[in-house]
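So this block is structure-v8.cif, mmCIF, C-alpha atoms:
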data_entry
loop_
_atom_site.label_atom_id
_atom_site.label_comp_id
_atom_site.auth_asym_id
_atom_site.auth_seq_id
_atom_site.Cartn_x
_atom_site.Cartn_y
_atom_site.Cartn_z
CA MET A 1 20.54 9.48 3.96
CA THR A 2 22.47 10.28 7.10
CA THR A 3 25.85 8.83 7.98
CA VAL A 4 26.53 8.28 11.66
CA GLN A 5 30.17 8.26 12.73
CA VAL A 6 30.84 6.43 15.99
CA THR A 7 34.07 6.53 17.96
CA VAL A 8 34.94 3.76 20.38
CA ILE A 9 37.33 4.74 23.18
CA ASP A 10 39.14 2.22 25.36
CA GLN A 11 40.26 2.51 28.94
CA ASP A 12 43.46 4.27 28.00
CA GLY A 13 41.97 6.74 25.55
CA ARG A 14 42.84 4.89 22.36
CA THR A 15 40.15 5.28 19.73
CA GLY A 16 38.68 3.45 16.79
CA THR A 17 35.83 4.41 14.49
CA VAL A 18 32.93 2.86 12.68
CA SER A 19 30.17 4.42 10.61
CA PHE A 20 26.75 3.41 9.35
CA ASP A 21 24.05 4.95 7.23
CA VAL A 22 20.47 5.74 8.17
CA VAL A 23 18.09 5.73 5.21
CA GLU A 24 14.81 7.52 5.70
CA GLN A 25 11.77 5.29 5.55
CA THR A 26 9.50 6.06 2.66
CA GLU A 27 5.85 6.83 3.37
CA ARG A 28 4.97 3.62 1.56
CA GLU A 29 7.21 1.63 3.89
CA ARG A 30 5.88 3.41 6.96
CA ARG A 31 2.29 2.68 6.08
CA SER A 32 3.02 -0.89 5.09
CA ALA A 33 4.58 -1.56 8.47
CA LEU A 34 1.38 -0.43 10.22
CA VAL A 35 -1.01 -2.82 8.45
CA GLY A 36 -2.90 -4.86 11.02
CA VAL A 37 -1.13 -3.07 13.83
CA VAL A 38 -2.70 0.38 13.79
CA LYS A 39 -6.33 1.15 12.95
CA PRO A 40 -6.27 2.99 9.62
CA ASP A 41 -7.03 6.70 9.69
CA ALA A 42 -6.28 9.76 7.59
CA SER A 43 -2.60 9.51 8.44
CA THR A 44 -2.21 6.00 7.02
CA VAL A 45 -4.46 5.93 3.94
CA GLY A 46 -5.04 7.84 0.75
CA VAL A 47 -2.97 10.37 -1.08
CA TYR A 48 -0.06 12.11 0.57
CA ALA A 49 -0.93 15.53 1.92
CA ASP A 50 2.48 16.98 1.06
CA VAL A 51 2.99 15.61 -2.45
CA PRO A 52 1.35 17.59 -5.26
CA ARG A 53 -0.68 15.80 -7.91
CA SER A 54 -1.38 16.78 -11.47
CA PRO A 55 -4.70 16.25 -13.25
CA GLN A 56 -5.11 13.52 -15.80
CA SER A 57 -8.07 12.22 -17.77
CA GLY A 58 -8.14 8.44 -17.74
CA ALA A 59 -5.18 6.10 -17.78
CA THR A 60 -4.10 3.13 -19.85
CA LEU A 61 -3.26 0.42 -17.39
CA THR A 62 -0.47 -1.40 -19.17
CA PRO A 63 1.66 -4.10 -17.56
CA GLY A 64 4.46 -2.60 -15.51
CA LEU A 65 2.99 0.89 -15.49
CA LEU A 66 3.89 3.04 -12.47
CA LEU A 67 1.67 6.07 -12.37
CA GLN A 68 2.18 8.41 -9.45
CA ASN A 69 0.92 11.72 -8.11
CA LYS A 70 -2.13 12.14 -10.34
CA THR A 71 -5.71 13.19 -9.90
CA ILE A 72 -7.47 11.01 -12.43
CA THR A 73 -10.95 11.51 -13.77
CA GLY A 74 -12.84 8.94 -15.77
CA ARG A 75 -13.48 5.25 -15.47
CA LEU A 76 -10.43 3.02 -15.23
CA SER A 77 -10.53 -0.46 -16.69
CA PRO A 78 -7.44 -2.64 -17.21
CA PRO A 79 -7.23 -4.19 -20.67
CA ALA A 80 -6.78 -7.89 -21.31
CA GLN A 81 -3.14 -8.85 -21.15
CA SER A 82 -1.33 -11.00 -23.64
CA GLY A 83 -0.05 -14.07 -21.87
CA GLN A 84 -0.09 -14.58 -18.15
CA ASN A 85 1.68 -13.25 -15.09
CA ASN A 86 2.62 -9.87 -16.46
CA PRO A 87 3.68 -7.26 -13.90
CA PRO A 88 0.79 -5.19 -12.59
CA ALA A 89 -0.05 -1.63 -13.39
CA VAL A 90 0.68 0.31 -10.22
CA LEU A 91 -1.01 3.56 -9.25
CA ARG A 92 0.49 5.30 -6.24
CA ASN A 93 -0.56 8.52 -4.58
CA CYS A 94 -3.38 8.99 -7.05
CA GLU A 95 -6.86 10.35 -6.47
CA LEU A 96 -9.42 8.45 -8.53
CA LEU A 97 -12.62 10.43 -9.07
CA GLY A 98 -14.46 8.37 -11.67
CA PRO A 99 -16.49 9.84 -14.51
CA LEU A 100 -19.25 12.42 -14.43
CA THR A 101 -21.56 10.20 -16.44
CA VAL A 102 -24.11 7.93 -14.81
CA PRO A 103 -23.80 4.28 -15.85
CA ALA A 104 -26.81 2.16 -16.74
CA SER A 105 -25.86 -0.55 -14.25
CA GLY A 106 -23.42 -1.20 -11.46
CA ASP A 107 -19.97 0.10 -12.30
CA GLY A 108 -16.72 0.88 -10.59
CA ILE A 109 -14.36 3.83 -10.59
CA LEU A 110 -11.90 0.99 -11.16
CA ALA A 111 -13.71 -1.71 -13.14
CA GLY A 112 -11.51 -4.76 -13.51
CA TRP A 113 -13.70 -7.72 -14.29
CA GLY A 114 -12.58 -8.64 -17.79
CA ALA A 115 -11.00 -12.00 -18.51
CA ASN A 116 -7.24 -12.16 -17.88
CA HIS A 117 -6.89 -8.42 -17.47
CA VAL A 118 -3.69 -6.67 -16.46
CA PRO A 119 -3.42 -6.91 -12.67
CA VAL A 120 -3.78 -3.58 -10.92
CA VAL A 121 -2.20 -2.39 -7.68
CA LEU A 122 -3.44 0.76 -5.97
CA GLU A 123 -1.17 2.11 -3.25
CA ASP A 124 -1.93 5.15 -1.14
CA CYS A 125 -4.78 6.16 -3.40
CA THR A 126 -7.99 8.00 -2.59
CA ILE A 127 -11.01 6.63 -4.41
CA HIS A 128 -14.24 8.60 -4.27
CA ALA A 129 -16.88 9.45 -6.83
CA GLN A 130 -16.99 13.01 -8.08
CA ALA A 131 -20.52 12.22 -9.28
CA LEU A 132 -22.34 10.13 -6.71
CA ASN A 133 -25.00 7.97 -8.24
CA TYR A 134 -26.99 4.82 -7.70
CA TYR A 135 -24.67 2.64 -9.75
CA ARG A 136 -21.26 3.96 -8.81
CA ASN A 137 -19.11 1.63 -6.75
CA GLY A 138 -15.48 2.07 -5.83
CA VAL A 139 -13.68 -0.99 -7.17
CA MET A 140 -15.13 -4.02 -8.92
CA GLY A 141 -13.61 -7.22 -10.21
CA HIS A 142 -10.60 -9.41 -9.60
CA HIS A 143 -6.80 -9.46 -9.65
CA ILE A 144 -6.65 -6.13 -7.90
CA THR A 145 -4.61 -5.14 -4.86
CA LEU A 146 -5.32 -2.19 -2.62
CA ARG A 147 -2.80 -1.03 -0.07
CA ASN A 148 -3.56 1.82 2.29
CA CYS A 149 -6.29 3.31 0.16
CA ASP A 150 -9.10 5.62 1.24
CA VAL A 151 -12.45 4.66 -0.28
CA TYR A 152 -15.64 6.66 0.28
CA ASP A 153 -18.60 8.31 -1.42
CA VAL A 154 -19.45 5.19 -3.38
CA VAL A 155 -22.27 2.64 -3.04
CA ASP A 156 -20.09 -0.42 -2.42
CA GLY A 157 -16.42 -0.15 -1.62
CA PHE A 158 -15.12 -3.21 -3.45
CA ASP A 159 -17.23 -5.85 -5.23
CA ILE A 160 -15.10 -8.97 -5.61
CA PHE A 161 -15.98 -11.47 -8.32
CA ASN A 162 -14.66 -13.07 -11.50
CA SER A 163 -17.43 -14.14 -13.83
CA ASN A 164 -14.83 -15.65 -16.15
CA ASP A 165 -13.71 -18.10 -13.48
CA PRO A 166 -16.42 -17.90 -10.82
CA ALA A 167 -14.85 -20.15 -8.19
CA GLY A 168 -11.24 -19.60 -9.22
CA ALA A 169 -8.60 -17.36 -7.77
CA THR A 170 -9.77 -13.79 -7.29
CA GLY A 171 -6.28 -12.38 -6.97
CA VAL A 172 -7.65 -9.79 -4.57
CA VAL A 173 -5.64 -8.47 -1.65
CA VAL A 174 -6.81 -5.46 0.33
CA GLU A 175 -4.80 -4.27 3.28
CA GLY A 176 -4.53 -1.23 5.51
CA SER A 177 -7.34 0.61 3.76
CA TRP A 178 -10.27 2.63 5.07
CA PHE A 179 -13.79 2.27 3.68
CA HIS A 180 -16.42 4.69 4.90
CA ARG A 181 -19.24 7.12 4.08
CA SER A 182 -21.30 4.98 1.71
CA SER A 183 -23.48 6.87 -0.75
CA TYR A 184 -27.08 5.78 -0.26
CA PHE A 185 -30.00 6.12 -2.65
CA ASP A 186 -33.52 5.23 -1.60
CA ALA A 187 -34.57 4.24 -5.14
CA ASN A 188 -33.03 3.39 -8.48
CA PRO A 189 -33.21 5.90 -11.34
CA ALA A 190 -36.46 4.28 -12.51
CA GLY A 191 -37.97 4.91 -9.12
CA ASP A 192 -38.90 1.27 -8.56
CA ALA A 193 -40.33 0.31 -5.21
CA ASN A 194 -37.94 -1.26 -2.69
CA SER A 195 -34.97 -0.52 -4.92
CA GLN A 196 -32.86 1.28 -2.32
CA THR A 197 -29.13 0.63 -2.38
CA HIS A 198 -27.83 -2.15 -0.18
CA ASN A 199 -24.55 -0.55 0.62
CA ASP A 200 -21.71 -2.86 1.50
CA THR A 201 -19.35 -0.21 2.74
CA GLY A 202 -16.25 -2.35 2.48
CA PHE A 203 -16.71 -5.48 0.46
CA GLN A 204 -19.26 -7.57 -1.35
CA ILE A 205 -17.51 -10.86 -1.92
CA MET A 206 -19.45 -12.77 -4.54
CA GLY A 207 -17.21 -15.66 -5.43
CA GLY A 208 -13.76 -17.09 -5.87
CA SER A 209 -10.87 -18.20 -3.76
CA GLY A 210 -7.76 -16.69 -2.26
CA THR A 211 -9.16 -13.29 -1.29
CA ARG A 212 -7.25 -11.59 1.51
CA ILE A 213 -8.80 -8.77 3.56
CA VAL A 214 -6.25 -7.72 6.17
CA GLY A 215 -5.84 -4.76 8.48
CA ASN A 216 -8.58 -2.61 7.02
CA ARG A 217 -11.02 -0.27 8.70
CA VAL A 218 -14.62 -0.37 7.56
CA ASP A 219 -17.12 2.08 9.01
CA GLY A 220 -20.49 0.74 7.95
CA PHE A 221 -22.35 4.03 7.91
CA LEU A 222 -24.09 6.08 5.25
CA GLY A 223 -22.87 9.49 4.20
CA GLY A 224 -24.73 12.69 3.57
CA GLY A 225 -27.16 12.29 6.44
CA ALA A 226 -28.92 9.41 4.67
CA VAL A 227 -31.27 7.14 6.57
CA ASN A 228 -31.94 3.52 5.62
CA THR A 229 -35.25 1.67 5.69
CA HIS A 230 -34.65 0.83 9.33
CA GLY A 231 -34.45 4.50 10.14
CA THR A 232 -30.74 4.55 10.90
CA ASP A 233 -27.57 5.67 9.17
CA ARG A 234 -26.03 2.20 8.97
CA SER A 235 -25.12 0.52 5.69
CA ASN A 236 -26.05 -3.07 4.88
CA ALA A 237 -22.71 -4.52 5.98
CA CYS A 238 -19.04 -3.83 6.27
CA ILE A 239 -18.37 -7.14 4.54
CA MET A 240 -21.04 -9.08 2.69
CA ILE A 241 -20.07 -12.63 1.76
CA LYS A 242 -22.50 -14.40 -0.53
CA PRO A 243 -21.73 -16.70 -3.49
CA ASP A 244 -23.83 -14.86 -6.06
CA VAL A 245 -21.24 -15.50 -8.77
CA GLY A 246 -19.29 -18.54 -7.62
CA THR A 247 -18.48 -20.70 -4.63
CA ILE A 248 -16.39 -18.81 -2.12
CA SER A 249 -13.40 -20.53 -0.51
CA ASP A 250 -9.97 -19.82 0.97
CA LEU A 251 -10.99 -16.37 2.17
CA VAL A 252 -9.13 -14.68 5.01
CA VAL A 253 -10.64 -11.71 6.84
CA GLU A 254 -8.07 -10.81 9.43
CA LYS A 255 -7.10 -7.99 11.81
CA ASN A 256 -9.70 -5.58 10.51
CA TRP A 257 -11.60 -2.91 12.48
CA LEU A 258 -15.29 -3.24 11.64
CA ASP A 259 -18.26 -1.31 12.92
CA GLY A 260 -21.80 -0.50 11.83
CA GLY A 261 -23.84 -2.03 9.06
CA ARG A 262 -26.96 -4.07 9.67
CA VAL A 263 -24.30 -6.48 10.86
CA PRO A 264 -20.57 -5.93 10.27
CA ILE A 265 -19.99 -9.28 8.56
CA ASN A 266 -22.95 -10.93 6.88
CA ILE A 267 -22.43 -14.38 5.39
CA ALA A 268 -25.24 -15.87 3.35
CA GLN A 269 -25.78 -18.80 1.04
CA ASP A 270 -27.19 -18.31 -2.42
CA ALA A 271 -30.39 -20.24 -1.94
CA GLY A 272 -31.17 -22.81 -4.59
CA SER A 273 -27.85 -22.61 -6.38
CA SER A 274 -24.86 -24.94 -6.45
CA ARG A 275 -22.64 -22.06 -5.41
CA ILE A 276 -21.85 -22.29 -1.73
CA ILE A 277 -19.90 -20.92 1.17
CA GLY A 278 -17.00 -23.34 0.82
CA THR A 279 -13.99 -24.32 2.86
CA GLY A 280 -11.05 -22.33 4.13
CA ILE A 281 -12.97 -19.23 5.12
CA ILE A 282 -11.32 -17.67 8.16
CA ILE A 283 -12.60 -14.72 10.19
CA ARG A 284 -9.73 -14.06 12.56
CA ASP A 285 -8.50 -11.43 15.02
CA ASN A 286 -10.89 -8.71 13.95
CA VAL A 287 -12.02 -5.89 16.24
CA PHE A 288 -15.71 -5.03 16.23
CA GLY A 289 -17.50 -1.90 17.30
CA ARG A 290 -20.96 -2.04 18.80
CA SER A 291 -22.91 0.10 16.34
CA ALA A 292 -24.57 -2.61 14.25
CA ASP A 293 -28.20 -1.98 13.42
CA ALA A 294 -29.12 -5.46 14.59
CA GLY A 295 -27.77 -4.87 18.06
CA PRO A 296 -24.62 -3.91 19.93
CA ASP A 297 -23.21 -7.43 20.12
CA TYR A 298 -23.69 -8.36 16.46
CA THR A 299 -20.40 -9.05 14.68
CA ALA A 300 -20.49 -11.92 12.16
CA LEU A 301 -23.76 -13.54 11.17
CA MET A 302 -23.98 -16.68 9.09
CA PRO A 303 -26.32 -19.57 8.42
CA ALA A 304 -25.85 -22.94 10.06
CA SER A 305 -25.01 -24.35 6.64
CA ALA A 306 -21.85 -22.24 6.64
CA SER A 307 -20.39 -24.46 9.34
CA SER A 308 -16.99 -24.57 7.65
CA VAL A 309 -16.35 -20.91 8.43
CA ILE A 310 -13.66 -20.63 11.11
CA CYS A 311 -13.96 -17.74 13.54
CA THR A 312 -11.24 -17.20 16.09
CA GLY A 313 -9.69 -14.37 18.10
CA ASN A 314 -12.35 -11.82 17.25
CA VAL A 315 -13.08 -9.23 19.93
CA TYR A 316 -15.00 -6.05 20.62
CA THR A 317 -13.10 -2.81 21.02
CA ASP A 318 -12.93 -3.39 24.78
CA GLY A 319 -11.19 -6.72 24.22
CA THR A 320 -14.06 -8.98 25.19
CA PRO A 321 -14.66 -11.95 22.87
CA ALA A 322 -17.01 -11.23 19.98
CA VAL A 323 -20.29 -13.09 19.70
CA ILE A 324 -20.49 -15.03 16.45
CA ARG A 325 -23.96 -16.01 15.30
CA ARG A 326 -24.37 -19.15 13.23
CA ASN A 327 -28.12 -19.06 13.01
CA GLY A 328 -28.59 -16.33 10.46
CA MET B 329 45.96 -8.57 58.81
CA PHE B 330 44.36 -8.40 55.43
CA ALA B 331 45.91 -9.78 52.31
CA GLN B 332 47.63 -7.22 50.17
CA VAL B 333 48.93 -6.89 46.65
CA ASP B 334 52.61 -6.19 47.08
CA SER B 335 53.92 -6.02 43.55
CA ALA B 336 52.60 -5.01 40.26
CA VAL B 337 53.66 -4.97 36.66
CA THR B 338 51.41 -2.82 34.65
CA ASN B 339 50.51 -3.37 31.08
CA LEU B 340 53.64 -5.03 29.79
CA ARG B 341 52.24 -4.77 26.30
CA GLU B 342 52.01 -1.01 26.53
CA HIS B 343 53.84 -0.41 23.27
CA THR B 344 51.94 -2.95 21.21
CA VAL B 345 48.37 -2.47 22.38
CA PRO B 346 46.19 -1.82 19.33
CA ALA B 347 43.40 0.69 19.13
CA PRO B 348 39.93 -0.66 19.73
CA ILE B 349 37.91 -1.88 16.81
CA ALA B 350 34.17 -1.39 16.34
CA THR B 351 31.87 -3.08 13.88
CA THR B 352 28.13 -2.81 13.23
CA ASP B 353 25.76 -5.64 12.43
CA LYS B 354 24.61 -3.88 9.26
CA SER B 355 25.76 -0.97 7.17
CA VAL B 356 22.35 0.62 6.48
CA TYR B 357 19.49 1.14 8.94
CA ARG B 358 15.98 2.54 8.89
CA PRO B 359 14.73 4.96 11.53
CA GLY B 360 13.58 3.01 14.55
CA GLU B 361 15.85 0.07 13.86
CA THR B 362 18.20 -1.36 16.46
CA VAL B 363 21.92 -0.96 15.88
CA LYS B 364 24.38 -3.37 17.44
CA ILE B 365 27.96 -2.15 17.70
CA THR B 366 30.56 -4.68 18.74
CA ALA B 367 33.66 -3.10 20.27
CA THR B 368 36.79 -5.19 20.64
CA SER B 369 39.61 -3.80 22.75
CA THR B 370 42.74 -4.83 24.55
CA PRO B 371 42.46 -4.44 28.30
CA ARG B 372 45.03 -3.01 30.68
CA VAL B 373 46.32 -5.94 32.72
CA THR B 374 47.97 -5.72 36.13
CA ILE B 375 49.71 -8.86 37.42
CA GLY B 376 50.54 -8.87 41.09
CA LEU B 377 51.49 -11.08 43.98
CA MET B 378 49.10 -11.23 46.85
CA THR B 379 50.54 -12.13 50.28
CA ASP B 380 48.53 -13.07 53.31
CA GLN B 381 49.40 -12.54 56.99
CA ASP B 382 51.39 -15.74 57.09
CA GLY B 383 53.48 -15.00 54.08
CA ARG B 384 51.60 -17.27 51.68
CA THR B 385 51.45 -15.87 48.18
CA THR B 386 49.33 -16.23 45.11
CA ASN B 387 49.21 -14.51 41.76
CA VAL B 388 46.45 -12.06 41.01
CA THR B 389 45.51 -10.58 37.67
CA ILE B 390 43.56 -7.37 37.47
CA ILE B 391 41.92 -6.54 34.15
CA VAL B 392 40.81 -3.04 33.44
CA SER B 393 38.57 -2.67 30.41
CA ALA B 394 36.24 0.26 30.03
CA VAL B 395 35.11 0.94 26.50
CA THR B 396 32.84 3.89 25.75
CA LEU B 397 31.20 5.24 22.62
CA SER B 398 31.07 8.74 21.26
CA GLY B 399 28.78 9.95 18.48
CA PHE B 400 25.94 7.54 19.11
CA THR B 401 23.93 6.71 22.20
CA ALA B 402 23.91 3.01 22.97
CA THR B 403 23.76 0.78 26.01
CA PRO B 404 26.69 -1.57 26.67
CA GLY B 405 26.11 -5.22 27.34
CA PRO B 406 28.34 -7.29 29.64
CA ASP B 407 32.08 -7.16 29.05
CA THR B 408 33.27 -10.58 27.87
CA GLY B 409 36.55 -12.11 26.79
CA ASP B 410 39.89 -12.63 28.53
CA ALA B 411 43.04 -10.81 29.51
CA THR B 412 44.07 -10.25 25.92
CA THR B 413 40.82 -9.39 24.13
CA ARG B 414 37.63 -7.94 25.51
CA THR B 415 34.37 -7.55 23.66
CA THR B 416 31.45 -5.29 24.46
CA VAL B 417 28.22 -5.18 22.45
CA PHE B 418 26.41 -1.85 22.49
CA THR B 419 22.74 -1.64 21.55
CA GLY B 420 21.01 1.54 20.44
CA THR B 421 18.17 2.76 18.23
CA VAL B 422 18.48 5.04 15.24
#

Written as structure tokens, how would this file's structure read?
Amino acid sequence: MTTVQVTVIDQDGRTGTVSFDVVEQTERERRSALVGVVKPDASTVGVYADVPRSPQSGATLTPGLLLQNKTITGRLSPPAQSGQNNPPAVLRNCELLGPLTVPASGDGILAGWGANHVPVVLEDCTIHAQALNYYRNGVMGHHITLRNCDVYDVVDGFDIFNSNDPAGATGVVVEGSWFHRSSYFDANPAGDANSQTHNDTGFQIMGGSGTRIVGNRVDGFLGGGAVNTHGTDRSNACIMIKPDVGTISDLVVEKNWLDGGRVPINIAQDAGSSRIIGTGIIIRDNVFGRSADAGPDYTALMPASASSVICTGNVYTDGTPAVIRRNG
Amino acid sequence: MFAQVDSAVTNLREHTVPAPIATTDKSVYRPGETVKITATSTPRVTIGLMTDQDGRTTNVTIIVSAVTLSGFTATPGPDTGDATTRTTVFTGTV
């Protein structure tokens, strides 16, 4: 803290004084102020370059936990909480590497899909798999908040769903984060035909209401020089929205920077099910690059049946209005 | 001929004029925030009699108020108030 002493001098040289304090902005505050204003990059996401971290194996995500400055190996999964509305477990300036083991099905470095689990907040964390594999995603589940995180070297960045309450509140807020460098595999471990990963670099939203995706950067490209079945390095999507688990409603995708993928935002119905693309879905004020596999003007693609989706203020990087396709 | 000021009484309150007072709009700021400093001072007042070429007279009051800051760079706004109290709001960035 710095104290500034100011002297006021009148026309005849008489003086008075006043002082005030200047408190340095924390890195957390600095980054928070940039959400939706500045395109995320290495200076606004992930662990702090100048703050050392110590290694730790696993973590028990209890209500109210504040765990800082750690490099954590192993799978993290918040336990069920007793009661409701407990304070979240907060991880700040932590690098999450996941386990070395290969799961038998889709799993997250942070796997939070249990019923009524302790809410988790990740701030200024770097999430990337130390052991890339077909089933390793970044974050999966519900009641999870990410702020200014760096997520890469995983199949999907964040799979959002709550099987315990499929159309209920997801409790997911993701802001100011950067998703990139998806890990692609051209077949599952069994080697089945046509089993390549369908990487959703940023998000696969599978159900629920109240999800907020604000001010993020999603580069829908594959890492490691991988090439998809179309012969390019694009992932499936930056944001995939499909009600595989429950009806999706009250979803805001706002002020993000999205590029690549087959298309950056792909909205699809779950054919033959009662789960639908519901009301209150807003795609607003996003900035799109022109690297989509499907073509340089592809931004958001949705079926005509998703007519309730509101799209407004979306542009390309040069400021021209984005083309929204409702015939997907 | 031009009108002239032919008498003056300067700053009758010379011995009771208080020092200026400054206040800030907050006590704690973050870098990049705007600071507003309000300076209140007592001006120097000159009261004179102005006479024209035909001997007609009228009173004239001259107010001198020039407040400056030291220790912090800020831009003064317009000087407001009256012959007894003047206020200047300075705006700067920390």

Would you kindly return, as a PDB file with C-alpha atoms, in the frame of the given file, each protein, DNA or RNA residue with an atom no farther than 9 Å from any atom of Gln84 in chain A, considering all atoms listed in the file and excluding same-chain residues fewer than 2 positions away?
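This went into result-v2.pdb:
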ATOM      1  CA  GLN A  81      -3.140  -8.850 -21.150  1.00  0.00           C
ATOM      2  CA  SER A  82      -1.330 -11.000 -23.640  1.00  0.00           C
ATOM      3  CA  ASN A  86       2.620  -9.870 -16.460  1.00  0.00           C
ATOM      4  CA  ASN A 116      -7.240 -12.160 -17.880  1.00  0.00           C
ATOM      5  CA  VAL A 118      -3.690  -6.670 -16.460  1.00  0.00           C
TER       6      VAL A 118
END

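The result of the PyMOL selection byres ((chain A) within 9 of (chain B)) on the shown file is Val4, Gln5, Val6, Thr7, Val8, Ile9, Asp10, Gln11, Asp12, Gly13, Arg14, Thr15, Gly16, Thr17, Val18, Ser19, Phe20, Asp21, Val22, Val23, Glu24 and Gln25 of chain A.
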
Report the residues retrieved by the PyMOL selection byres ((chain A and resi 185) around 6) from the displayed file, expressed as a ChimeraX atom specification. /A:184,186-187,196-197

Residues proximal to (-14.0, -0.9, -11.4) were defined as those with any atom within 8 Å of that point in the file's coordinates, counting only C-alpha atoms. Which are they, as a ChimeraX atom specification? /A:75-77,107-113,137-141

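Counting all atoms listed in the file and comparing B:Asp380, B:Lys364, B:Thr344, B:Ile375, the residue that lies closest to Gly405 in chain B is B:Lys364.
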
Pick the closest to Gln204 in chain A from A:Glu123, A:Glu175, A:Asp159, A:Glu95: which is it, counting only C-alpha atoms?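 Among the listed residues, A:Asp159 lies closest to Gln204 in chain A.
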
For a quick check of understanding, using all atoms listed in the file, which of A:Cys94, A:Val37, A:Ile267, A:Val102 has the smallest distance to Arg53 in chain A?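 Going through A:Cys94, A:Val37, A:Ile267, A:Val102 one by one, the smallest distance to Arg53 in chain A is for A:Cys94.
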
Assuming the input is short of atoms at range 349-363 of chain B, produce N, CA and C atoms for that part as a compact mmCIF listing (two decimals), in the frame of the given file.
# COMPACT_ATOMS: atom_id res chain seq x y z
N ILE B 349 38.59 -1.72 18.10
CA ILE B 349 37.91 -1.88 16.81
C ILE B 349 36.42 -1.99 17.04
N ALA B 350 35.63 -1.30 16.23
CA ALA B 350 34.17 -1.39 16.34
C ALA B 350 33.58 -1.83 15.01
N THR B 351 32.60 -2.66 15.08
CA THR B 351 31.87 -3.08 13.88
C THR B 351 30.38 -2.99 14.16
N THR B 352 29.59 -2.83 13.10
CA THR B 352 28.13 -2.81 13.23
C THR B 352 27.55 -4.06 12.57
N ASP B 353 26.35 -4.42 12.98
CA ASP B 353 25.76 -5.64 12.43
C ASP B 353 25.21 -5.44 11.03
N LYS B 354 25.02 -4.19 10.64
CA LYS B 354 24.61 -3.88 9.26
C LYS B 354 25.27 -2.57 8.87
N SER B 355 25.17 -2.25 7.61
CA SER B 355 25.76 -0.97 7.17
C SER B 355 24.69 0.10 6.95
N VAL B 356 23.43 -0.32 6.73
CA VAL B 356 22.35 0.62 6.48
C VAL B 356 21.17 0.29 7.39
N TYR B 357 20.61 1.33 8.02
CA TYR B 357 19.49 1.14 8.94
C TYR B 357 18.35 2.08 8.56
N ARG B 358 17.15 1.69 9.00
CA ARG B 358 15.98 2.54 8.89
C ARG B 358 15.72 3.18 10.24
N PRO B 359 15.08 4.36 10.25
CA PRO B 359 14.73 4.96 11.53
C PRO B 359 13.91 3.99 12.37
N GLY B 360 14.27 3.90 13.65
CA GLY B 360 13.58 3.01 14.55
C GLY B 360 14.23 1.65 14.69
N GLU B 361 15.18 1.37 13.80
CA GLU B 361 15.85 0.07 13.86
C GLU B 361 16.89 0.04 14.97
N THR B 362 17.18 -1.17 15.44
CA THR B 362 18.20 -1.36 16.46
C THR B 362 19.56 -1.55 15.81
N VAL B 363 20.54 -0.84 16.36
CA VAL B 363 21.92 -0.96 15.88
C VAL B 363 22.73 -1.69 16.94
